[in-house]
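Scroll down for the structure; my scribbles are underneath it.
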Amino acid sequence: MSTVDKKPLLEMRGLRIEGFSDEKWHQIVKDVDITLYRGEVLGLIGESGAGKSTIGIAAMGYAKPGCRINGGSIMFDGLDLVKASEEEKRKLRGSRIAYVAQSAAASFNPAHKLIDQFAETVIEHKVGTKEEAYADAKELYAKIRMPNPNQIGFRYPHQVSGGQLQRAMTAMALSCRPDLLIFDEPTTALDVTTQIEVLVTMRDIVEQYNCAAIYITHDLAVVAQMADKIKVLRYGETVEDADTRTMLSSPTQEYTKSLWAVRSFKKQEVAPPPEDVPLIKVENVTAAYGTMTVLYDIDFEIHRGHTVAVVGESGSGKSTAARVITGLLPPKQGDVYYDGVKYPRDYRKRNKEQLRQAQMIYQMADTAVNPRQKIRDIVGRPLTFYLGLQGAEKEQRLHELMDMIEMDPNVFLDRLPGELSGGQKQRICIARALAANPTFIICDEVTSALDQLVAEGILKLLDRLQQELNLAYMFITHDLATVSAIADEVIVMLKGRIVEQGPKDDIFSPPHHEYTDLLLSSVPEMDPDWMDNVLAERKTKEGVEAAGN
Amino acid sequence: MTEPTKPTSTIESADAMPPPPRDESKASIAWRELKKAPFTAQFGILIIITYITVAVFAPVLAPYGESEIVGTEYDVWSNQFPLGTDNLGRDMMTRLIYGARNTVGIALITTLLAFFLGGTLGIMAAVLGGWYDQLTSRAVDVLMAIPGLIFAMLLLTIFGTSIPSLIIIIGVLDSTRVFRIARAVSLNVVVMDYIESAKLRGEKVTWIALREVLPNIMPPLVAEFGLRFCFVFLTISALSFLGLGLQPPTADWGSMVRDNATLITYGDITPLLPAAAIALLTIGVNFVVDWFLHKTSGIKDEY
């Protein structure tokens with residue numbers, strides 16, 4: 001697209017934003033420049049704390065509570081948003097600049113119908129009447145391929161799926177035909193199979209309405225599909241600017257290269273499981289929450305020193321399977337065997353030794369450690385509780401554990417969790433699990449809340465610990481990149497049933513089960529043409545099937 | 001449009017950054033916070049400290065004995081009796097000083113009892129859930145359905161107006177409100193993964209309640225303690241005023257107001273002094289609680 005002769009729609013020059021914390025102002029965005037033309041999508045990427053969202057919101061002339069813009073200019077179609085009055089900015093927001101947030105579920109008012117929330121902005125900005133807005137909503141819903149476009153708007157937010165809600169939100173952002181769209185991690189909370197549909201919708205919209213968009217994400221593969229050009233941010237500063245293809249093929253900065261290289265980690269091949277007694281055996285398990293059955297007749301085994309990855313969409317029952325193994329959710333039918341011994345179904349009936357065997361690491365390290373306990377107490381409690389260690393013995397073991405997770409015991413043992421970063425907290429959770437001397441660890445989405453570089457560090461640590469201690473892992477994840485990095489065997493789950501299981505290479509190479517195929521083909525790759533190829537492929541497949549029938 | 005980018009020197013993940021050192025003791029942090037506190041909070045703390053000092057050193061500070069009759073009835077303010085005497089000829093100032101000890105002391109013990117009872121049951125209800133939660137919550141509902149002061153008066157008439165029964169009755173009745181708040185804040189904590197982790201470790205309920213839940217609900221409980229103390233204090237004073245609280249000859253602000261109420265008719269403000277003492281402490285405690293709630297709830301002033 002030729003952009004040379006046009007005026008930029010959005011132009012930020014030397015933007016500086018500062019935030020107030022710990023009694024003083026900190027510079028959180030430092031001299032960032034952005035030039036955006038109509039029809040263009042700019043990808044903003046970086047780790048958490050890089051200032052991506054702050055810049056995204058600043059494009060509306062707004063700063064989060066506790067932040068203020070303290071330098072630079074934001075020219076939007078000839079108006080400087082830094083100097084503009086609140087009234088002028090309010091007129092722009094929603095009508096000419098629209099924002100799509102990460103969590104659609106949290107952004108919709110649960111008490112109103114989707115279509116009424118759509119119409120609200122239209123009426124508020126006096127763009128049209130309620131009837132016009134309704135008609136327009138139905139047309140947009142059809143355009144973004146929502147099922148039943150004429151009726152779906154009359155549902156409440158909780159009556160549609162997460163992917164549909166995210167698309168409804170995109171439609172809502174479009175209600176006044178804005179010139180600039182800001183997408184802030186719009187697909188992060190979605191499953192891969194849903195994500196691709198939402199991405200297609202968003203890209204089509206930018207093309208059809210010739211608007212401009214800023215796409216904020218930490219997922220490089222997603223940004224590769226969406227953006228025309230990419231800006232890499234770190235600590236509020238621009239690291240690198242380039243158009244997507246150049247950026248992907250030949251990044252110039254070290255930091256960008258390190259981001260690109262993240263997904264290169266792969267664990268070493270291990271020998272296939274021997275034919276002896278498996279460490280964990282789940283046999284014919286059916287489980288339910290109240291009257292709602294969530295697991296149907298599940299069977300699988302986990303062997304010593306092996307990692308079994310359980311993948312599937314949210315609601316597929318993968319976390320429930322873990323709850324059955326730990327005994328938190330006693331199954332209705334079937335049993336769990338540890339090392340050939342049948343364990344009581346309810347964890348309260350298991351003895352200390354049985355509880356010690358299996359440990360858990362959680363997705364949100366923030367809520368998995370007690371914020372009022374020091375690291376020494378968090379990691380030390382299993383030592384005292386299970387192994388009866390006290391005094392110098394306990395202290396020595398604490399130091400060993402801290403060394404294992406590559407954190408300095410002298411610095412960290414007397415800290416509170418609030419003083420640690422997300423990755424450090426996750427390491428503490430690992431240390432707490434290891435303190436029990438377990439044989440088996442359940443990792444429930446342990447890396448999905450972390451930045452990619454930090455997540456890679458955690459995966460490497462888990463892999464090293466597995467080799468040293470011959471641990472078995474059950475790795476619950478929806479991220480297939482993580483699966484290919486760390487798994488030995490894979491279990492694919494769908495709606496409470498196992499659709500396919502076996503060694504990783506078998507699962508990842510054709511022929512697949514239909515659903516595995518959909519899942520695998522939906523994982524974005526770092527190739528800018530990936531999405532077009534997938535869509536073309538799916539279309540031909542449908543064509544062939546239709547012809548076959 | 002490609003601006004020259006600033007070189008980023010080394011690649012370090014956020015993981016590698018050590019947290020800033022902590023070298024301050026808790027006392028010095030508390031002192032710094034106190035100096036930064038708003039005027040109202042400092043004023044409140046000053047009042048509380050004064051009351052505590054007076055209560056502790058009552059025998060030293062008071063010019064006469066607590067129930068010693070030293071002059072004629074309703075004597076005026078003079079050098080001998082700085083605030084005059086009461087309806088029986090006891091020194092008013094002495095009675096006021098001892099009143100701090102009696103009223104505040106009993107209110108404090110009662111509040112502690114209410115918190116021990118309500119706090120324990122409330123946290124347990126949140127941790128255990130199920131039938132235990134149902135049972136205790138419904139029992140509390142029943143107790144709360146009866147108007148507090150009338151219920152307290154009824155029970156006092158049944159069990160007699162001794163200090164222990166006063167403490168137990170008001171303590172139990174007030175523990176219902178503590179139960180509610182303790183249960184509500186604990187419910188937010190028991191859904192955390194670290195509680196699940198402790199359960200899976202095989203920890204006993206007492207450990208989970210005391211070590212995992214309690215430290216996380218302390219701020220709202222401490223604030224509630226201040227407020228509940230005020231209410232208990234007012235309830236005791238009200239009961240004393242009605243003749244069902246502390247019994248003579250124990251000096252008590254509530255009954256002092258009643259005993260000397262007739263003086264008001266003659267334009268003498270002396271009976272208002274014990275009432276003012278009650279009001280001042282209540283206001284002081286509220287100021288401190290407000291400040292504390294403001295600090296712990298994370299509400300920050302807009303700049």
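Residue numbering restarts at 1 for every chain of the structure tokens, chains are lettered A, B, ... in their displayed order, and ligands are numbered from 1 as they appear.
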
task = Would you mind listing what lies within 10 Å of stretch 134-150 of chain B as an NGL selection string, with only C-alpha atoms counted and same-chain residues fewer than 3 positions away left out?
result = :B and (118 or 121-122 or 124-125 or 129-131 or 153-156 or 170 or 172-177 or 179-180 or 183 or 235-236 or 238-239)

request  = Pick out the residues sitting within 7 Å of stretch 60-71 of chain A, and hand them over as an NGL selection string; count only C-alpha atoms, and ignore anything fewer than 6 positions along from it in its own chain.
outcome  = :A and (14-20 or 81-82 or 89 or 93 or 97)

inquiry  = Please identify all residues of chain A having at least one atom at most 8 Å from any atom of chain B, considering only C-alpha atoms, and return them as a PyMOL selection string.
reply    = chain A and resi 33+35+66+238-242+253-255+258+326+328+347-348+351-352+355-356+360+362+367-372+382+411+419-424+453-454

Using C-alpha atoms, can you write the selected residues to a file as a CSV table (one decimal), in the first residue's frame?
chain,number,residue,atom,x,y,z
A,33,ASP,CA,7.6,7.9,18.1
A,35,THR,CA,3.6,7.2,12.6
A,66,GLY,CA,-1.7,7.4,38.5
A,238,THR,CA,11.8,1.7,21.3
A,239,VAL,CA,14.2,-1.1,20.6
A,240,GLU,CA,13.6,-1.6,17.0
A,241,ASP,CA,11.2,-0.4,14.2
A,242,ALA,CA,10.7,-2.2,10.9
A,253,GLN,CA,19.0,-5.6,17.8
A,254,GLU,CA,20.3,-8.3,20.2
A,255,TYR,CA,17.1,-8.0,22.3
A,258,SER,CA,16.6,-13.0,21.8
A,326,THR,CA,-4.6,-35.0,43.4
A,328,LEU,CA,-9.4,-32.6,45.1
A,347,TYR,CA,-7.2,-36.3,49.3
A,348,ARG,CA,-8.5,-36.1,52.9
A,351,ASN,CA,-1.9,-40.2,54.3
A,352,LYS,CA,1.1,-37.8,54.5
A,355,LEU,CA,0.2,-36.6,49.6
A,356,ARG,CA,4.0,-36.0,49.5
A,360,MET,CA,1.4,-29.1,42.2
A,362,TYR,CA,0.0,-23.4,39.6
A,367,THR,CA,-2.1,-16.6,44.2
A,368,ALA,CA,-0.1,-19.8,44.8
A,369,VAL,CA,2.1,-18.3,47.5
A,370,ASN,CA,0.8,-16.7,50.7
A,371,PRO,CA,1.7,-13.0,50.4
A,372,ARG,CA,2.2,-12.8,54.2
A,382,PRO,CA,7.0,-28.9,53.5
A,411,VAL,CA,19.2,-12.6,49.1
A,419,GLU,CA,9.1,-8.2,46.4
A,420,LEU,CA,9.6,-10.8,43.7
A,421,SER,CA,9.0,-10.8,40.0
A,422,GLY,CA,6.5,-13.2,38.4
A,423,GLY,CA,9.2,-15.6,37.2
A,424,GLN,CA,10.9,-15.6,40.6
A,453,LEU,CA,11.9,-15.1,27.9
A,454,VAL,CA,11.0,-15.9,31.6

Going by DSSP on the backbone, which residues of stretch 21-153 of chain B come out as alpha helix (DSSP H)? List them as an mmCIF file with C-alpha atoms, in the first residue's frame.
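The result, stored in part08.cif:
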data_model
loop_
_atom_site.group_PDB
_atom_site.id
_atom_site.type_symbol
_atom_site.label_atom_id
_atom_site.label_comp_id
_atom_site.auth_asym_id
_atom_site.auth_seq_id
_atom_site.Cartn_x
_atom_site.Cartn_y
_atom_site.Cartn_z
ATOM 1 C CA LYS B 26 9.430 -2.222 61.460
ATOM 2 C CA ALA B 27 9.545 0.415 64.211
ATOM 3 C CA SER B 28 11.189 3.016 62.008
ATOM 4 C CA ILE B 29 8.683 2.340 59.212
ATOM 5 C CA ALA B 30 5.845 2.779 61.700
ATOM 6 C CA TRP B 31 7.347 6.036 62.961
ATOM 7 C CA ARG B 32 7.775 7.376 59.421
ATOM 8 C CA GLU B 33 4.175 6.461 58.546
ATOM 9 C CA LEU B 34 2.972 8.124 61.716
ATOM 10 C CA LYS B 35 4.763 11.349 60.904
ATOM 11 C CA LYS B 36 3.179 11.318 57.449
ATOM 12 C CA PHE B 39 -3.576 15.578 61.461
ATOM 13 C CA THR B 40 -6.816 13.819 62.411
ATOM 14 C CA ALA B 41 -5.056 10.469 62.781
ATOM 15 C CA GLN B 42 -2.271 11.956 64.895
ATOM 16 C CA PHE B 43 -4.909 13.650 67.037
ATOM 17 C CA GLY B 44 -6.730 10.327 67.420
ATOM 18 C CA ILE B 45 -3.574 8.516 68.436
ATOM 19 C CA LEU B 46 -2.831 11.242 70.990
ATOM 20 C CA ILE B 47 -6.304 10.826 72.507
ATOM 21 C CA ILE B 48 -5.981 7.054 72.712
ATOM 22 C CA ILE B 49 -2.557 7.277 74.341
ATOM 23 C CA THR B 50 -3.863 9.811 76.872
ATOM 24 C CA TYR B 51 -6.820 7.572 77.769
ATOM 25 C CA ILE B 52 -4.589 4.541 78.172
ATOM 26 C CA THR B 53 -2.192 6.488 80.407
ATOM 27 C CA VAL B 54 -5.038 7.761 82.547
ATOM 28 C CA ALA B 55 -6.574 4.302 82.827
ATOM 29 C CA VAL B 56 -3.284 2.636 83.771
ATOM 30 C CA ALA B 58 -5.637 6.018 87.729
ATOM 31 C CA PRO B 59 -4.730 5.419 91.427
ATOM 32 C CA VAL B 60 -1.707 7.718 91.053
ATOM 33 C CA LEU B 61 -3.501 10.493 89.188
ATOM 34 C CA MET B 92 -16.060 14.104 90.207
ATOM 35 C CA MET B 93 -12.525 14.270 88.832
ATOM 36 C CA THR B 94 -11.545 11.103 90.671
ATOM 37 C CA ARG B 95 -14.632 9.341 89.346
ATOM 38 C CA LEU B 96 -13.852 10.472 85.807
ATOM 39 C CA ILE B 97 -10.288 9.119 86.041
ATOM 40 C CA TYR B 98 -11.403 5.789 87.461
ATOM 41 C CA GLY B 99 -14.187 5.717 84.871
ATOM 42 C CA GLY B 105 -11.057 -1.664 80.355
ATOM 43 C CA ILE B 106 -14.311 -3.571 80.266
ATOM 44 C CA ALA B 107 -15.075 -2.413 76.715
ATOM 45 C CA LEU B 108 -11.648 -3.652 75.644
ATOM 46 C CA ILE B 109 -12.064 -7.076 77.248
ATOM 47 C CA THR B 110 -15.543 -7.379 75.751
ATOM 48 C CA THR B 111 -14.291 -6.463 72.276
ATOM 49 C CA LEU B 112 -11.432 -8.949 72.568
ATOM 50 C CA LEU B 113 -13.918 -11.655 73.520
ATOM 51 C CA ALA B 114 -16.177 -10.716 70.602
ATOM 52 C CA PHE B 115 -13.227 -10.927 68.216
ATOM 53 C CA PHE B 116 -11.962 -14.188 69.588
ATOM 54 C CA LEU B 117 -15.388 -15.788 69.272
ATOM 55 C CA GLY B 118 -16.555 -14.190 66.041
ATOM 56 C CA GLY B 119 -13.135 -14.323 64.370
ATOM 57 C CA THR B 120 -12.559 -18.008 65.099
ATOM 58 C CA LEU B 121 -16.030 -19.096 64.069
ATOM 59 C CA GLY B 122 -16.023 -16.824 61.008
ATOM 60 C CA ILE B 123 -12.693 -18.056 59.629
ATOM 61 C CA MET B 124 -13.697 -21.644 60.328
ATOM 62 C CA ALA B 125 -16.974 -21.135 58.486
ATOM 63 C CA ALA B 126 -15.055 -19.908 55.450
ATOM 64 C CA VAL B 127 -12.414 -22.646 55.565
ATOM 65 C CA LEU B 128 -14.695 -25.588 56.326
ATOM 66 C CA GLY B 130 -20.630 -26.935 54.046
ATOM 67 C CA TRP B 131 -22.935 -27.726 56.939
ATOM 68 C CA TYR B 132 -20.688 -26.031 59.507
ATOM 69 C CA ASP B 133 -20.915 -22.767 57.585
ATOM 70 C CA GLN B 134 -24.697 -23.135 57.280
ATOM 71 C CA LEU B 135 -25.133 -23.881 60.949
ATOM 72 C CA THR B 136 -23.032 -21.017 62.299
ATOM 73 C CA SER B 137 -24.247 -18.487 59.722
ATOM 74 C CA ARG B 138 -27.906 -19.212 60.427
ATOM 75 C CA ALA B 139 -27.332 -19.100 64.182
ATOM 76 C CA VAL B 140 -25.735 -15.680 63.738
ATOM 77 C CA ASP B 141 -28.676 -14.568 61.579
ATOM 78 C CA VAL B 142 -31.058 -15.473 64.381
ATOM 79 C CA LEU B 143 -29.030 -13.565 66.978
ATOM 80 C CA MET B 144 -28.789 -10.528 64.733
ATOM 81 C CA ALA B 145 -32.505 -10.531 64.053
ATOM 82 C CA GLY B 148 -29.239 -5.605 70.150
ATOM 83 C CA LEU B 149 -29.798 -3.267 73.074
ATOM 84 C CA ILE B 150 -33.170 -4.777 73.993
ATOM 85 C CA PHE B 151 -31.757 -8.311 73.757
ATOM 86 C CA ALA B 152 -28.802 -7.309 75.953
ATOM 87 C CA MET B 153 -31.142 -5.743 78.532
#

task = Within 6 Å of stretch 205-218 of chain A, counting only C-alpha atoms, which residues show up once you throw out same-chain ones fewer than 5 positions away? Write them as a ChimeraX atom specification, please.
result = /A:38-46,179-185

Keeping only C-alpha atoms, write the selected residues to a file as an mmCIF file, in the first residue's frame.
data_model
loop_
_atom_site.group_PDB
_atom_site.id
_atom_site.type_symbol
_atom_site.label_atom_id
_atom_site.label_comp_id
_atom_site.auth_asym_id
_atom_site.auth_seq_id
_atom_site.Cartn_x
_atom_site.Cartn_y
_atom_site.Cartn_z
ATOM 1 C CA ARG A 38 -4.777 4.657 7.143
ATOM 2 C CA GLY A 39 -5.004 0.978 6.248
ATOM 3 C CA GLU A 40 -1.948 0.150 8.289
ATOM 4 C CA VAL A 41 -1.602 -2.081 11.320
ATOM 5 C CA LEU A 42 1.211 -1.397 13.739
ATOM 6 C CA GLY A 43 2.232 -4.215 16.057
ATOM 7 C CA LEU A 44 3.534 -3.209 19.474
ATOM 8 C CA ILE A 45 5.413 -6.022 21.144
ATOM 9 C CA GLY A 46 7.457 -6.385 24.282
ATOM 10 C CA ASP A 179 -10.561 5.753 11.975
ATOM 11 C CA LEU A 180 -8.245 4.201 14.518
ATOM 12 C CA LEU A 181 -8.650 0.906 16.351
ATOM 13 C CA ILE A 182 -6.550 -0.104 19.320
ATOM 14 C CA PHE A 183 -6.396 -3.823 20.038
ATOM 15 C CA ASP A 184 -4.872 -4.580 23.427
ATOM 16 C CA GLU A 185 -4.037 -8.292 23.578
#

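Minimum distance to B:Ser186 across B:Leu273, B:Leu210, B:Ile217, B:Ile167 (counting only C-alpha atoms) occurs at B:Ile217.
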
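Using only C-alpha atoms for every distance, the candidate list B:Gly267, B:Pro38, B:Gly171, B:Pro219 yields B:Gly171 as the residue closest to B:Val232.
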
query = Got a sec: who's within 9 Å of B:Trp253, counting only C-alpha atoms, leaving out chain neighbours fewer than 3 positions off, as a ChimeraX atom specification?
reply = /B:95-96,99-100,102-103,237,240-241,256-258,273-275,277-278

task = Within stretch 157-260 of chain A, find each residue whose DSSP state, derived from the backbone, is strand (DSSP E or B), and express the selection as an MDAnalysis selection string.
result = chainID A and resid 180:184 212:217 229:234 237:243

Output for the residues just chosen: N, CA and C atoms as a PDB file, in the first residue's frame:
ATOM      1  N   LEU A 180      -9.371   4.877  13.870  1.00  0.00           N
ATOM      2  CA  LEU A 180      -8.245   4.201  14.518  1.00  0.00           C
ATOM      3  C   LEU A 180      -8.766   3.178  15.526  1.00  0.00           C
ATOM      4  N   LEU A 181      -8.260   1.959  15.419  1.00  0.00           N
ATOM      5  CA  LEU A 181      -8.650   0.906  16.351  1.00  0.00           C
ATOM      6  C   LEU A 181      -7.442   0.514  17.180  1.00  0.00           C
ATOM      7  N   ILE A 182      -7.648   0.346  18.472  1.00  0.00           N
ATOM      8  CA  ILE A 182      -6.550  -0.104  19.320  1.00  0.00           C
ATOM      9  C   ILE A 182      -6.912  -1.465  19.894  1.00  0.00           C
ATOM     10  N   PHE A 183      -6.155  -2.471  19.524  1.00  0.00           N
ATOM     11  CA  PHE A 183      -6.396  -3.823  20.038  1.00  0.00           C
ATOM     12  C   PHE A 183      -5.368  -4.120  21.115  1.00  0.00           C
ATOM     13  N   ASP A 184      -5.815  -4.300  22.339  1.00  0.00           N
ATOM     14  CA  ASP A 184      -4.872  -4.580  23.427  1.00  0.00           C
ATOM     15  C   ASP A 184      -4.970  -6.049  23.816  1.00  0.00           C
ATOM     16  N   ALA A 212      -6.987   2.506  10.524  1.00  0.00           N
ATOM     17  CA  ALA A 212      -5.659   2.137  10.997  1.00  0.00           C
ATOM     18  C   ALA A 212      -5.812   1.411  12.321  1.00  0.00           C
ATOM     19  N   ALA A 213      -4.834   0.602  12.673  1.00  0.00           N
ATOM     20  CA  ALA A 213      -4.954  -0.128  13.931  1.00  0.00           C
ATOM     21  C   ALA A 213      -3.609  -0.249  14.619  1.00  0.00           C
ATOM     22  N   ILE A 214      -3.660  -0.261  15.938  1.00  0.00           N
ATOM     23  CA  ILE A 214      -2.478  -0.586  16.733  1.00  0.00           C
ATOM     24  C   ILE A 214      -2.777  -1.913  17.394  1.00  0.00           C
ATOM     25  N   TYR A 215      -1.913  -2.879  17.185  1.00  0.00           N
ATOM     26  CA  TYR A 215      -2.154  -4.203  17.737  1.00  0.00           C
ATOM     27  C   TYR A 215      -1.104  -4.499  18.807  1.00  0.00           C
ATOM     28  N   ILE A 216      -1.556  -4.597  20.055  1.00  0.00           N
ATOM     29  CA  ILE A 216      -0.632  -4.797  21.168  1.00  0.00           C
ATOM     30  C   ILE A 216      -0.647  -6.265  21.575  1.00  0.00           C
ATOM     31  N   THR A 217       0.496  -6.904  21.636  1.00  0.00           N
ATOM     32  CA  THR A 217       0.528  -8.308  22.027  1.00  0.00           C
ATOM     33  C   THR A 217       1.919  -8.687  22.500  1.00  0.00           C
ATOM     34  N   LYS A 229       3.738  -3.351  10.159  1.00  0.00           N
ATOM     35  CA  LYS A 229       5.048  -3.012  10.696  1.00  0.00           C
ATOM     36  C   LYS A 229       5.047  -3.264  12.197  1.00  0.00           C
ATOM     37  N   ILE A 230       6.233  -3.458  12.724  1.00  0.00           N
ATOM     38  CA  ILE A 230       6.340  -3.856  14.128  1.00  0.00           C
ATOM     39  C   ILE A 230       7.265  -2.904  14.869  1.00  0.00           C
ATOM     40  N   LYS A 231       6.869  -2.615  16.101  1.00  0.00           N
ATOM     41  CA  LYS A 231       7.726  -1.820  16.980  1.00  0.00           C
ATOM     42  C   LYS A 231       8.012  -2.666  18.213  1.00  0.00           C
ATOM     43  N   VAL A 232       9.271  -2.887  18.490  1.00  0.00           N
ATOM     44  CA  VAL A 232       9.647  -3.665  19.670  1.00  0.00           C
ATOM     45  C   VAL A 232       9.966  -2.693  20.803  1.00  0.00           C
ATOM     46  N   LEU A 233       9.321  -2.905  21.949  1.00  0.00           N
ATOM     47  CA  LEU A 233       9.518  -2.006  23.089  1.00  0.00           C
ATOM     48  C   LEU A 233      10.168  -2.737  24.246  1.00  0.00           C
ATOM     49  N   ARG A 234      10.947  -1.990  25.015  1.00  0.00           N
ATOM     50  CA  ARG A 234      11.507  -2.540  26.236  1.00  0.00           C
ATOM     51  C   ARG A 234      11.761  -1.422  27.220  1.00  0.00           C
ATOM     52  N   GLU A 237      11.082   2.056  26.061  1.00  0.00           N
ATOM     53  CA  GLU A 237      11.842   2.641  24.966  1.00  0.00           C
ATOM     54  C   GLU A 237      11.694   1.794  23.712  1.00  0.00           C
ATOM     55  N   THR A 238      11.840   2.435  22.558  1.00  0.00           N
ATOM     56  CA  THR A 238      11.812   1.694  21.314  1.00  0.00           C
ATOM     57  C   THR A 238      13.127   0.945  21.157  1.00  0.00           C
ATOM     58  N   VAL A 239      13.039  -0.348  20.896  1.00  0.00           N
ATOM     59  CA  VAL A 239      14.245  -1.118  20.642  1.00  0.00           C
ATOM     60  C   VAL A 239      14.500  -1.171  19.149  1.00  0.00           C
ATOM     61  N   GLU A 240      13.414  -1.432  18.415  1.00  0.00           N
ATOM     62  CA  GLU A 240      13.584  -1.587  16.976  1.00  0.00           C
ATOM     63  C   GLU A 240      12.274  -1.312  16.265  1.00  0.00           C
ATOM     64  N   ASP A 241      12.367  -0.701  15.082  1.00  0.00           N
ATOM     65  CA  ASP A 241      11.216  -0.409  14.236  1.00  0.00           C
ATOM     66  C   ASP A 241      11.492  -0.986  12.854  1.00  0.00           C
ATOM     67  N   ALA A 242      10.541  -1.716  12.290  1.00  0.00           N
ATOM     68  CA  ALA A 242      10.738  -2.171  10.915  1.00  0.00           C
ATOM     69  C   ALA A 242       9.437  -2.736  10.403  1.00  0.00           C
ATOM     70  N   ASP A 243       9.332  -2.940   9.092  1.00  0.00           N
ATOM     71  CA  ASP A 243       8.120  -3.588   8.625  1.00  0.00           C
ATOM     72  C   ASP A 243       8.218  -5.087   8.927  1.00  0.00           C
TER      73      ASP A 243
END

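You will find atom CA of A:Gln151 at 20.7 Å from atom CA of A:Gly128.
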
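Going from atom CA of B:Thr72 to atom CA of B:Gly245 covers 26.0 Å.
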
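If you look at atom CA of B:His294 and atom CA of B:Ala276, they are 26.8 Å away from each other.
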
inquiry  = List as number ranges by chain the protein and nucleic acid residues near A:Gly496, meaning an atom at most 6 Å away when only C-alpha atoms are counted, but skip any in the same chain fewer than 4 places from it.
reply    = A: 294-296, 316-317
